[in-house]
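Participant: My structure is in query_24.cif, and what it holds is mmCIF, C-alpha atoms and all ligand atoms:
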data_structure
loop_
_atom_site.label_atom_id
_atom_site.label_comp_id
_atom_site.auth_asym_id
_atom_site.auth_seq_id
_atom_site.Cartn_x
_atom_site.Cartn_y
_atom_site.Cartn_z
CA MET Q 2 -29.74 -9.43 2.25
CA ASN Q 3 -27.17 -7.14 3.74
CA THR Q 4 -26.36 -4.48 1.18
CA ARG Q 5 -24.44 -2.02 3.32
CA GLU Q 6 -21.04 -1.14 1.95
CA VAL Q 7 -18.02 -2.46 3.80
CA ILE Q 8 -15.38 -0.17 5.26
CA LEU Q 9 -12.00 -1.40 6.39
CA THR Q 10 -9.15 0.58 7.78
CA GLY Q 11 -6.42 0.00 10.30
CA ASP Q 12 -3.60 1.27 12.40
CA THR Q 13 -0.19 -0.15 13.14
CA PRO Q 14 0.35 -0.11 16.90
CA THR Q 15 3.23 2.26 17.49
CA GLY Q 16 2.02 3.92 20.68
CA GLN Q 17 -0.87 6.20 21.44
CA LEU Q 18 -2.85 7.81 18.66
CA HIS Q 19 -2.65 11.57 18.18
CA ILE Q 20 -4.85 14.36 16.86
CA GLY Q 21 -3.44 13.83 13.35
CA HIS Q 22 -5.01 10.35 13.40
CA TYR Q 23 -8.23 11.86 14.67
CA VAL Q 24 -8.71 14.53 12.02
CA GLY Q 25 -7.13 12.43 9.26
CA SER Q 26 -9.14 9.28 9.65
CA VAL Q 27 -10.83 8.46 12.95
CA ARG Q 28 -13.29 11.35 12.76
CA ARG Q 29 -14.44 10.01 9.39
CA ARG Q 30 -14.75 6.50 10.81
CA ILE Q 31 -17.09 7.75 13.50
CA GLU Q 32 -19.47 9.01 10.82
CA LEU Q 33 -19.14 5.86 8.77
CA GLN Q 34 -19.89 3.48 11.64
CA GLU Q 35 -23.48 4.78 11.60
CA THR Q 36 -24.14 3.83 8.00
CA HIS Q 37 -21.64 1.17 6.92
CA ASP Q 38 -20.34 -2.22 8.01
CA CYS Q 39 -17.11 -1.03 9.56
CA TYR Q 40 -14.05 -3.03 10.53
CA PHE Q 41 -11.11 -1.32 12.21
CA LEU Q 42 -8.01 -3.45 12.13
CA LEU Q 43 -5.29 -3.52 14.76
CA ALA Q 44 -2.35 -4.23 12.45
CA ASN Q 45 -0.22 -5.75 15.18
CA LEU Q 46 1.71 -8.07 12.86
CA HIS Q 47 2.82 -5.08 10.81
CA ALA Q 48 4.45 -3.63 13.88
CA TYR Q 49 6.95 -6.53 13.77
CA THR Q 50 8.32 -5.32 10.43
CA THR Q 51 10.57 -2.88 12.24
CA ARG Q 52 10.14 -3.71 15.95
CA SER Q 53 10.32 -7.49 16.25
CA GLU Q 54 12.63 -7.13 19.26
CA TYR Q 55 9.88 -5.48 21.28
CA PRO Q 56 6.96 -7.90 21.49
CA ASP Q 57 5.78 -6.66 24.90
CA GLU Q 58 5.63 -3.08 23.70
CA ILE Q 59 3.69 -4.09 20.61
CA HIS Q 60 1.24 -6.02 22.80
CA ALA Q 61 0.74 -3.03 25.09
CA ASP Q 62 0.50 -0.56 22.18
CA THR Q 63 -2.22 -2.71 20.63
CA LEU Q 64 -4.39 -2.29 23.73
CA GLU Q 65 -3.60 1.44 23.86
CA ILE Q 66 -4.97 1.98 20.37
CA VAL Q 67 -8.26 0.44 21.42
CA ARG Q 68 -8.42 2.84 24.37
CA ASP Q 69 -7.84 5.72 21.97
CA TYR Q 70 -10.50 4.41 19.57
CA LEU Q 71 -13.05 4.25 22.37
CA ALA Q 72 -11.99 7.66 23.64
CA MET Q 73 -12.43 9.25 20.22
CA GLY Q 74 -15.92 7.79 19.84
CA ILE Q 75 -15.62 4.51 18.00
CA ASP Q 76 -18.47 2.34 19.21
CA PRO Q 77 -17.58 -1.39 19.38
CA ASN Q 78 -21.25 -2.29 19.02
CA LYS Q 79 -21.38 -0.56 15.67
CA ALA Q 80 -17.88 -1.20 14.32
CA ALA Q 81 -15.83 -4.37 14.76
CA ILE Q 82 -12.42 -3.69 16.26
CA THR Q 83 -10.39 -6.59 15.01
CA LEU Q 84 -7.00 -8.12 15.60
CA GLN Q 85 -4.92 -8.84 12.52
CA SER Q 86 -2.99 -11.69 14.14
CA GLU Q 87 -6.22 -13.57 14.91
CA THR Q 88 -7.72 -13.12 11.48
CA PRO Q 89 -6.00 -16.01 9.69
CA ALA Q 90 -7.62 -15.35 6.31
CA ILE Q 91 -5.42 -12.26 6.07
CA ALA Q 92 -2.18 -14.24 6.39
CA GLU Q 93 -3.42 -16.85 3.94
CA LEU Q 94 -4.44 -14.28 1.34
CA THR Q 95 -1.13 -12.48 1.78
CA PHE Q 96 0.68 -15.64 0.69
CA LEU Q 97 -1.53 -16.03 -2.37
CA PHE Q 98 -1.46 -12.34 -3.33
CA ALA Q 99 2.33 -12.31 -3.07
CA MET Q 100 2.28 -14.67 -6.08
CA LEU Q 101 0.16 -12.25 -8.10
CA LEU Q 102 2.49 -9.28 -7.72
CA PRO Q 103 5.86 -8.84 -9.39
CA PHE Q 104 8.51 -8.23 -6.73
CA ASN Q 105 9.62 -5.05 -8.50
CA ARG Q 106 6.10 -3.70 -8.42
CA VAL Q 107 5.99 -4.01 -4.64
CA MET Q 108 9.36 -2.31 -4.26
CA ARG Q 109 8.24 0.60 -6.44
CA ASN Q 110 5.61 1.55 -3.82
CA PRO Q 111 6.50 5.15 -2.87
CA THR Q 112 5.23 4.72 0.71
CA LEU Q 113 7.68 1.85 1.25
CA LYS Q 114 10.51 3.84 -0.31
CA GLU Q 115 9.72 6.80 1.90
CA GLU Q 116 9.67 4.61 5.03
CA ILE Q 117 13.03 3.10 4.13
CA LYS Q 118 14.39 6.64 3.90
CA VAL Q 119 12.71 8.17 6.96
CA LYS Q 120 13.43 5.21 9.24
CA ASP Q 121 16.94 4.99 7.81
CA LEU Q 122 16.58 1.27 7.05
CA GLY Q 123 19.10 1.32 4.18
CA GLU Q 124 19.30 -2.25 2.93
CA ASN Q 125 18.88 -3.73 6.38
CA TYR Q 126 15.17 -4.31 6.40
CA SER Q 127 13.53 -7.64 6.99
CA PHE Q 128 11.91 -9.67 4.23
CA GLY Q 129 8.66 -8.96 6.05
CA PHE Q 130 9.06 -5.22 5.56
CA PRO Q 131 8.12 -5.12 1.86
CA LEU Q 132 5.79 -8.06 2.50
CA TYR Q 133 3.68 -5.86 4.73
CA ALA Q 134 2.55 -3.89 1.68
CA VAL Q 135 1.23 -7.13 0.20
CA GLY Q 136 -0.25 -7.91 3.62
CA GLN Q 137 -2.08 -4.61 3.60
CA THR Q 138 -3.77 -5.54 0.33
CA ALA Q 139 -4.95 -8.72 2.08
CA ASP Q 140 -6.13 -6.72 5.12
CA ILE Q 141 -8.45 -4.82 2.83
CA LEU Q 142 -9.50 -7.53 0.41
CA ALA Q 143 -10.15 -10.15 3.11
CA PHE Q 144 -13.09 -7.95 4.12
CA ARG Q 145 -14.11 -7.27 0.51
CA ALA Q 146 -14.07 -3.61 1.51
CA HIS Q 147 -15.53 -0.99 -0.80
CA ALA Q 148 -13.76 1.96 0.77
CA VAL Q 149 -10.73 2.56 2.95
CA PRO Q 150 -10.60 5.77 5.00
CA VAL Q 151 -6.92 6.72 5.22
CA GLY Q 152 -4.49 9.59 5.25
CA GLU Q 153 -2.82 10.68 2.06
CA ASP Q 154 0.37 8.70 2.68
CA GLN Q 155 -1.56 5.42 2.37
CA ILE Q 156 -2.81 6.01 -1.18
CA PRO Q 157 -0.03 3.94 -2.81
CA HIS Q 158 -1.08 0.96 -0.67
CA ILE Q 159 -4.66 1.31 -1.83
CA GLU Q 160 -3.48 1.56 -5.42
CA LEU Q 161 -1.58 -1.72 -4.98
CA THR Q 162 -4.70 -3.27 -3.45
CA ARG Q 163 -6.79 -2.23 -6.45
CA GLU Q 164 -4.24 -3.88 -8.74
CA VAL Q 165 -4.35 -7.14 -6.79
CA ALA Q 166 -8.16 -7.18 -6.79
CA ARG Q 167 -8.29 -6.59 -10.56
CA ARG Q 168 -5.62 -9.17 -11.21
CA PHE Q 169 -7.36 -11.79 -9.09
CA ASN Q 170 -10.77 -11.15 -10.62
CA LYS Q 171 -9.39 -11.32 -14.16
CA LEU Q 172 -7.19 -14.34 -13.53
CA TYR Q 173 -9.62 -16.48 -11.56
CA CYS Q 174 -13.17 -15.19 -12.07
CA GLY Q 175 -13.36 -15.24 -15.83
CA ILE Q 176 -13.45 -11.47 -16.21
CA ASP Q 177 -12.09 -10.12 -19.46
CA GLU Q 178 -8.89 -8.05 -19.42
CA ASN Q 179 -10.67 -4.87 -20.61
CA VAL Q 180 -13.50 -4.80 -18.09
CA GLU Q 181 -13.55 -1.57 -16.05
CA ASP Q 182 -13.51 -1.45 -12.23
CA ASP Q 183 -17.13 -0.38 -11.85
CA ASP Q 184 -18.54 -2.47 -14.69
CA PRO Q 185 -21.42 -4.66 -13.41
CA GLU Q 186 -19.51 -7.71 -14.63
CA MET Q 187 -16.59 -6.91 -12.31
CA ILE Q 188 -18.99 -6.53 -9.42
CA GLU Q 189 -21.12 -9.61 -10.14
CA LYS Q 190 -18.46 -12.10 -11.20
CA GLY Q 191 -15.42 -10.87 -9.26
CA VAL Q 192 -14.64 -12.09 -5.75
CA PHE Q 193 -13.28 -8.67 -4.82
CA PRO Q 194 -14.78 -5.20 -5.21
CA ILE Q 195 -12.12 -2.70 -6.33
CA PRO Q 196 -11.74 -0.62 -3.16
CA LYS Q 197 -11.49 3.17 -3.11
CA ALA Q 198 -9.32 5.32 -0.83
CA ASP Q 199 -11.43 7.73 1.20
CA VAL Q 200 -9.06 10.54 2.12
CA GLY Q 201 -10.48 12.95 4.70
CA LYS Q 202 -10.48 16.72 4.39
CA VAL Q 203 -7.26 16.85 6.38
CA GLY Q 204 -5.20 14.18 4.64
CA ARG Q 205 -2.02 15.38 6.24
CA LEU Q 206 -1.92 17.39 9.45
CA ILE Q 207 1.30 19.31 9.98
CA GLY Q 208 3.01 18.51 13.28
CA THR Q 209 3.82 20.99 16.03
CA ASP Q 210 7.20 21.68 14.42
CA GLY Q 211 5.14 23.53 11.79
CA ILE Q 212 6.99 21.68 9.01
CA ASN Q 213 6.55 17.90 8.83
CA LYS Q 214 3.54 15.64 8.93
CA MET Q 215 2.43 14.94 12.50
CA SER Q 216 4.15 11.69 13.35
CA LYS Q 217 5.23 10.01 16.55
CA SER Q 218 8.69 9.27 15.18
CA LEU Q 219 9.26 12.99 14.60
CA ASP Q 220 8.20 13.95 18.12
CA ASN Q 221 5.81 16.64 16.87
CA VAL Q 222 2.49 15.18 18.03
CA ILE Q 223 -0.37 16.17 20.31
CA LEU Q 224 -1.65 13.07 22.03
CA ILE Q 225 -5.27 12.45 22.98
CA THR Q 226 -4.10 12.36 26.60
CA ASP Q 227 -2.22 15.68 26.56
CA THR Q 228 -3.29 18.14 29.26
CA PRO Q 229 -4.36 21.69 28.32
CA LYS Q 230 -0.99 22.89 29.59
CA ARG Q 231 0.93 20.55 27.34
CA VAL Q 232 -1.29 21.38 24.38
CA LYS Q 233 -0.64 25.08 24.92
CA LYS Q 234 3.08 24.52 25.15
CA LYS Q 235 3.22 22.37 22.02
CA ILE Q 236 1.05 24.73 19.96
CA GLY Q 237 3.27 27.56 21.15
CA GLN Q 238 6.21 25.82 19.47
CA ILE Q 239 4.72 25.86 15.97
CA TYR Q 240 7.16 27.69 13.79
CA THR Q 241 5.62 30.30 11.48
CA GLY Q 242 8.47 32.65 10.57
CA ARG Q 243 6.14 35.64 10.94
CA GLN Q 244 7.85 38.61 12.62
CA SER Q 245 5.16 41.05 13.75
CA MET Q 246 1.43 41.59 14.29
CA THR Q 247 1.22 43.56 11.07
CA ASP Q 248 3.07 41.14 8.79
CA PRO Q 249 0.66 39.74 6.20
CA GLY Q 250 0.42 36.02 7.05
CA ASP Q 251 0.51 33.11 4.62
CA PRO Q 252 -2.99 31.60 4.25
CA GLU Q 253 -1.37 28.21 3.60
CA SER Q 254 0.73 28.27 6.78
CA SER Q 255 0.59 25.47 9.32
CA LEU Q 256 -1.03 27.86 11.78
CA MET Q 257 -3.90 28.46 9.37
CA GLN Q 258 -4.28 24.71 8.83
CA TYR Q 259 -4.82 24.43 12.58
CA VAL Q 260 -7.34 27.27 12.52
CA ASP Q 261 -9.27 25.57 9.70
CA THR Q 262 -9.12 22.20 11.37
CA PHE Q 263 -9.77 22.96 15.01
CA ILE Q 264 -11.63 26.25 15.48
CA ALA Q 265 -15.15 24.86 15.60
CA ASP Q 266 -16.88 28.23 15.11
CA LYS Q 267 -16.45 28.69 11.36
CA ASN Q 268 -17.13 32.43 11.44
CA ARG Q 269 -14.43 32.90 14.03
CA ALA Q 270 -12.05 30.79 11.94
CA LEU Q 271 -12.71 32.98 8.88
CA GLU Q 272 -12.27 36.13 10.93
CA LEU Q 273 -8.94 34.96 12.34
CA LYS Q 274 -7.74 33.96 8.92
CA ASP Q 275 -8.78 37.25 7.38
CA LYS Q 276 -6.97 39.31 10.01
CA TYR Q 277 -3.89 37.12 9.82
CA VAL Q 278 -3.65 37.32 6.04
CA ARG Q 279 -4.05 41.10 6.09
CA GLY Q 280 -1.68 41.53 9.04
CA ASP Q 281 -4.43 43.37 10.87
CA ASN Q 282 -2.87 43.66 14.29
CA ILE Q 283 -3.05 40.05 15.23
CA GLY Q 284 -0.16 38.15 16.74
CA ASP Q 285 0.69 34.48 16.21
CA GLY Q 286 0.68 34.11 19.98
CA HIS Q 287 -2.96 35.11 20.23
CA ILE Q 288 -4.02 32.74 17.46
CA LYS Q 289 -2.08 29.95 19.10
CA VAL Q 290 -3.92 30.44 22.39
CA GLU Q 291 -7.27 30.10 20.61
CA ILE Q 292 -6.12 27.01 18.75
CA ALA Q 293 -4.82 25.41 21.95
CA GLU Q 294 -8.13 26.06 23.70
CA ALA Q 295 -10.09 24.58 20.83
CA ILE Q 296 -7.92 21.45 20.83
CA SER Q 297 -8.25 21.03 24.58
CA ASN Q 298 -12.03 21.37 24.31
CA LEU Q 299 -12.00 18.63 21.71
CA LEU Q 300 -9.83 16.39 23.88
CA GLU Q 301 -11.63 16.85 27.17
CA PRO Q 302 -14.54 14.44 26.54
CA MET Q 303 -12.10 12.00 24.95
CA GLN Q 304 -9.96 12.03 28.06
CA GLU Q 305 -12.99 11.40 30.25
CA ARG Q 306 -14.01 8.41 28.15
CA ARG Q 307 -10.47 7.11 28.07
CA ALA Q 308 -10.22 7.23 31.84
CA GLU Q 309 -13.08 4.72 32.11
CA TYR Q 310 -10.88 2.05 30.51
CA GLU Q 311 -7.56 3.08 31.99
CA ASN Q 312 -6.71 0.00 34.02
CA ASP Q 313 -9.21 -2.35 32.57
CA ASP Q 314 -7.41 -4.64 30.13
CA ASP Q 315 -10.08 -7.33 30.48
CA THR Q 316 -12.80 -5.14 29.01
CA ILE Q 317 -10.50 -4.10 26.18
CA ILE Q 318 -9.67 -7.72 25.40
CA ASP Q 319 -13.36 -8.67 25.42
CA ILE Q 320 -14.02 -5.90 22.90
CA ILE Q 321 -11.22 -7.14 20.66
CA ARG Q 322 -12.36 -10.77 20.91
CA ASP Q 323 -15.90 -9.87 19.97
CA GLY Q 324 -14.81 -7.69 17.05
CA THR Q 325 -12.38 -10.33 15.82
CA ARG Q 326 -15.09 -12.97 15.94
CA ARG Q 327 -17.34 -10.79 13.76
CA ALA Q 328 -14.42 -10.06 11.44
CA ASN Q 329 -13.69 -13.74 11.00
CA GLU Q 330 -17.26 -14.38 9.92
CA GLN Q 331 -16.66 -12.00 7.04
CA THR Q 332 -13.06 -12.94 6.19
CA GLU Q 333 -13.65 -16.70 6.29
CA LYS Q 334 -16.41 -16.23 3.72
CA THR Q 335 -14.05 -14.23 1.53
CA LEU Q 336 -11.32 -16.82 1.88
CA ALA Q 337 -13.67 -19.64 0.89
CA LEU Q 338 -14.72 -17.70 -2.23
CA ALA Q 339 -11.11 -16.87 -3.10
CA LYS Q 340 -9.98 -20.47 -2.60
CA GLU Q 341 -12.83 -21.81 -4.67
CA ALA Q 342 -11.98 -19.41 -7.50
CA SER Q 343 -8.24 -20.05 -7.46
CA GLY Q 344 -8.13 -23.82 -7.30
CA LEU Q 345 -7.49 -24.03 -3.55
CA GLY Q 346 -11.00 -25.09 -2.59
CA PHE Q 347 -11.09 -28.66 -1.28
CA PHE Q 348 -13.34 -28.68 1.79
CA ASP Q 349 -14.93 -26.32 4.31
CA ARG Q 350 -13.55 -25.27 7.68
CA THR Q 351 -14.83 -23.36 10.69
CA ILE Q 352 -12.93 -21.10 13.04
CA THR Q 353 -14.34 -20.57 16.51
CA PHE Q 354 -13.58 -18.11 19.29
N1 LIG V 401 -0.25 0.88 7.14
C1 LIG V 401 -1.25 1.62 7.86
C2 LIG V 401 -0.55 2.73 8.69
O1 LIG V 401 0.61 2.58 9.01
C3 LIG V 401 -2.04 0.76 8.81
C4 LIG V 401 -2.83 -0.30 8.12
C5 LIG V 401 -2.60 -1.65 8.16
C6 LIG V 401 -3.96 -0.12 7.27
N2 LIG V 401 -3.51 -2.31 7.43
C7 LIG V 401 -4.36 -1.41 6.87
C8 LIG V 401 -4.65 1.02 6.83
C9 LIG V 401 -5.43 -1.59 6.00
C10 LIG V 401 -5.72 0.83 5.96
C11 LIG V 401 -6.11 -0.46 5.54
O2 LIG V 401 -1.18 3.69 9.02
#
Could I get this file's structure written as structure tokens?
Facilitator:
Amino acid sequence: MNTREVILTGDTPTGQLHIGHYVGSVRRRIELQETHDCYFLLANLHAYTTRSEYPDEIHADTLEIVRDYLAMGIDPNKAAITLQSETPAIAELTFLFAMLLPFNRVMRNPTLKEEIKVKDLGENYSFGFPLYAVGQTADILAFRAHAVPVGEDQIPHIELTREVARRFNKLYCGIDENVEDDDPEMIEKGVFPIPKADVGKVGRLIGTDGINKMSKSLDNVILITDTPKRVKKKIGQIYTGRQSMTDPGDPESSLMQYVDTFIADKNRALELKDKYVRGDNIGDGHIKVEIAEAISNLLEPMQERRAEYENDDDTIIDIIRDGTRRANEQTEKTLALAKEASGLGFFDRTITF
């Protein structure tokens, strides 16, 4: 029997991935693909929540993410790269889960509230916008995932997912109200494991403005495809507020986060940090040059790998088809179990690719 734990995580296609995605989540996925059953979801339907007028862009962005995945080291033979819109169990579970959640509970999700604010949606968002939070619970539970590697901002979605899983198990699997998440009864009788968020060491990388989280919409990102020259320029823009080489620097500054995250030689990182904090004759400019070099060294092999797939959509689509086929094997099983438990089981079906 297959006893490996299941990992599910995903990305909404909004353009190319950046180094914040890499250190926040993708780097962790590359470790996990060696030891776990990994599924990486292209959440292309979620992109329609705010960009339904741009279907061609969403289509192209979906393929771009796969190029970035491959560039960063995700191996499609180890992990299944899967397309949300061709994993029908997700849509079906979304409908069912929407019935298990009070509307007000969904709207209390702080990540949704924050998005409404940041994207300035006011009251003009689609019905599908809050629905995507319910959809994300189905993304995860359709795979019966045990863990979800994500950045910090996604924790409220995982919390909602855990609530849905508990609710379903207690409502439809005969599990008593007081049973804890990791009680053997929950695991044996429940359809869904209660998934955990797996937040990487760098849950939130500051962008090159030195202030906000790295995010495409804030134009403060370093892309996987950025040349050393661009990287140097962007790192040069990080605002630190430090005035001279002898000013004691703040160990919590964005610059020091970059040192911790990207200077691969840990002794050198400690040395830089020590000098910076003491104001021992070290300028921000010098530190920035070292950071920029370290980032470019990290990106170089990624850019080489990415170039192999540059104009080859067919290969990318084959990879997605294969991953989606494997994903459907898992999600169709889950759906059958969930239907059986919840009174929706009437007869079997098969999906083929
Ligand atoms: N909402 C996530 C983001 O914007 C992407 C996502 C969709 C996801 N489905 C998921 C992440 C399931 C983890 C698990 O980054």
Participant: For ligand LIG 401 (chain V), collect every residue having any atom at a distance of at most 9 Å from a ligand atom (counting only C-alpha atoms and all ligand atoms); output as a ChimeraX atom specification.
Facilitator: /Q:9-15,22,41-45,47-48,85,133-134,136-141,149-152,154-155,158-159,198
Participant: Would you mind listing what lies within 6 Å of Gly204 of chain Q as number ranges by chain, with only C-alpha atoms counted and same-chain residues fewer than 4 positions away left out?
Facilitator: Q: 25, 152-153, 200
Participant: What's the 8 Å shell around segment 298-308 of chain Q, counting all atoms listed in the file, without same-chain residues fewer than 6 positions away, as number ranges by chain?
Facilitator: Q: 68-69, 71-74, 225-226
Participant: Just the residues within 12 Å of segment 173-183 of chain Q, please, counting only C-alpha atoms, with nothing from its chain fewer than 3 positions along; format it as a PyMOL selection string.
Facilitator: chain Q and resi 101+147+163-170+186-197+338-345
Participant: Between atom CA of Thr162 of chain Q and atom CA of Phe98 of chain Q, what is the spacing in Å?
Facilitator: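 Separation of atom CA of Phe98 of chain Q and atom CA of Thr162 of chain Q: 9.6 Å.
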Participant: Counting only C-alpha atoms, what is within 12 Å of Gln238 of chain Q, bar same-chain residues fewer than 5 positions away, as a JSON list (two decimals) with C-alpha atoms, in the coordinates of the input?
Facilitator:
[["chain", "number", "residue", "atom", "x", "y", "z"],
["Q", 208, "GLY", "CA", 3.01, 18.51, 13.28],
["Q", 209, "THR", "CA", 3.82, 20.99, 16.03],
["Q", 210, "ASP", "CA", 7.20, 21.68, 14.42],
["Q", 211, "GLY", "CA", 5.14, 23.53, 11.79],
["Q", 212, "ILE", "CA", 6.99, 21.68, 9.01],
["Q", 221, "ASN", "CA", 5.81, 16.64, 16.87],
["Q", 222, "VAL", "CA", 2.49, 15.18, 18.03],
["Q", 223, "ILE", "CA", -0.37, 16.17, 20.31],
["Q", 231, "ARG", "CA", 0.93, 20.55, 27.34],
["Q", 232, "VAL", "CA", -1.29, 21.38, 24.38],
["Q", 233, "LYS", "CA", -0.64, 25.08, 24.92],
["Q", 255, "SER", "CA", 0.59, 25.47, 9.32],
["Q", 256, "LEU", "CA", -1.03, 27.86, 11.78],
["Q", 285, "ASP", "CA", 0.69, 34.48, 16.21],
["Q", 286, "GLY", "CA", 0.68, 34.11, 19.98],
["Q", 289, "LYS", "CA", -2.08, 29.95, 19.10],
["Q", 290, "VAL", "CA", -3.92, 30.44, 22.39],
["Q", 293, "ALA", "CA", -4.82, 25.41, 21.95]]
Participant: Which distance in Å separates atom CA of Ala143 of chain Q and atom CA of Thr332 of chain Q, to one decimal?
Facilitator: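 The value is 5.1 Å.
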Participant: Tell me which of Q:Ala81, Q:Val135, Q:Val260, Q:Ile156 sits closest to Leu94 of chain Q, counting all atoms listed in the file.
Facilitator: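 For Leu94 of chain Q, the nearest of the given residues is Q:Val135.
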Participant: Could you give me, as a list in words, the residues within 8 Å of Asp281 of chain Q, counting all atoms listed in the file and dropping anything in the same chain fewer than 2 positions from it?
Facilitator: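 My list of contacting residues is Met246, Thr247, Pro249, Lys276, Tyr277, Val278, Arg279 and Ile283 of chain Q.
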Participant: If I take atom CA of Pro131 of chain Q and atom CA of Ile91 of chain Q, how far is one from the other in Å, to one decimal?
Facilitator: 15.9 Å
Participant: Nearest to Thr88 of chain Q among Q:Met215, Q:Phe144, Q:Met100, Q:Ile239, with distances taken over only C-alpha atoms: which residue is it?
Facilitator: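 Looking at the shortest contact to Thr88 of chain Q, the residue is Q:Phe144.
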Participant: Go through Q:Leu273, Q:Ile288, Q:Ile8, Q:Val27 one by one, measure the shortest atom-to-atom distance of each to Lys202 of chain Q using only C-alpha atoms, and give the residue with the smallest value.
Facilitator: Q:Val27
Participant: Starting from the sparse input, extend segment 73-90 of chain Q to N, CA and C atoms and give the output as a compact mmCIF listing (two decimals), keeping the file's coordinate frame.
Facilitator:
# COMPACT_ATOMS: atom_id res chain seq x y z
N MET Q 73 -12.08 8.34 21.32
CA MET Q 73 -12.43 9.25 20.22
C MET Q 73 -13.87 9.06 19.76
N GLY Q 74 -14.50 7.95 20.17
CA GLY Q 74 -15.92 7.79 19.84
C GLY Q 74 -16.24 6.61 18.95
N ILE Q 75 -15.28 5.74 18.73
CA ILE Q 75 -15.62 4.51 18.00
C ILE Q 75 -16.43 3.63 18.93
N ASP Q 76 -17.54 3.11 18.41
CA ASP Q 76 -18.47 2.34 19.21
C ASP Q 76 -18.34 0.86 18.82
N PRO Q 77 -17.83 0.02 19.73
CA PRO Q 77 -17.58 -1.39 19.38
C PRO Q 77 -18.84 -2.18 19.08
N ASN Q 78 -20.01 -1.61 19.41
CA ASN Q 78 -21.25 -2.29 19.02
C ASN Q 78 -21.61 -2.01 17.57
N LYS Q 79 -21.09 -0.91 17.06
CA LYS Q 79 -21.38 -0.56 15.67
C LYS Q 79 -20.26 -1.04 14.75
N ALA Q 80 -19.02 -0.83 15.16
CA ALA Q 80 -17.88 -1.20 14.32
C ALA Q 80 -17.14 -2.35 15.00
N ALA Q 81 -16.61 -3.26 14.19
CA ALA Q 81 -15.83 -4.37 14.76
C ALA Q 81 -14.37 -3.96 14.85
N ILE Q 82 -13.85 -3.95 16.06
CA ILE Q 82 -12.42 -3.69 16.26
C ILE Q 82 -11.75 -5.05 16.23
N THR Q 83 -10.84 -5.23 15.28
CA THR Q 83 -10.39 -6.59 15.01
C THR Q 83 -8.86 -6.73 14.98
N LEU Q 84 -8.43 -7.88 15.43
CA LEU Q 84 -7.00 -8.12 15.60
C LEU Q 84 -6.45 -8.88 14.38
N GLN Q 85 -5.50 -8.25 13.74
CA GLN Q 85 -4.92 -8.84 12.52
C GLN Q 85 -4.37 -10.24 12.77
N SER Q 86 -3.66 -10.41 13.89
CA SER Q 86 -2.99 -11.69 14.14
C SER Q 86 -3.96 -12.82 14.45
N GLU Q 87 -5.22 -12.52 14.71
CA GLU Q 87 -6.22 -13.57 14.91
C GLU Q 87 -7.26 -13.59 13.80
N THR Q 88 -6.85 -13.07 12.66
CA THR Q 88 -7.72 -13.12 11.48
C THR Q 88 -6.93 -13.89 10.41
N PRO Q 89 -6.93 -15.23 10.51
CA PRO Q 89 -6.00 -16.01 9.69
C PRO Q 89 -6.19 -15.86 8.19
N ALA Q 90 -7.41 -15.52 7.76
CA ALA Q 90 -7.62 -15.35 6.31
C ALA Q 90 -6.67 -14.30 5.74
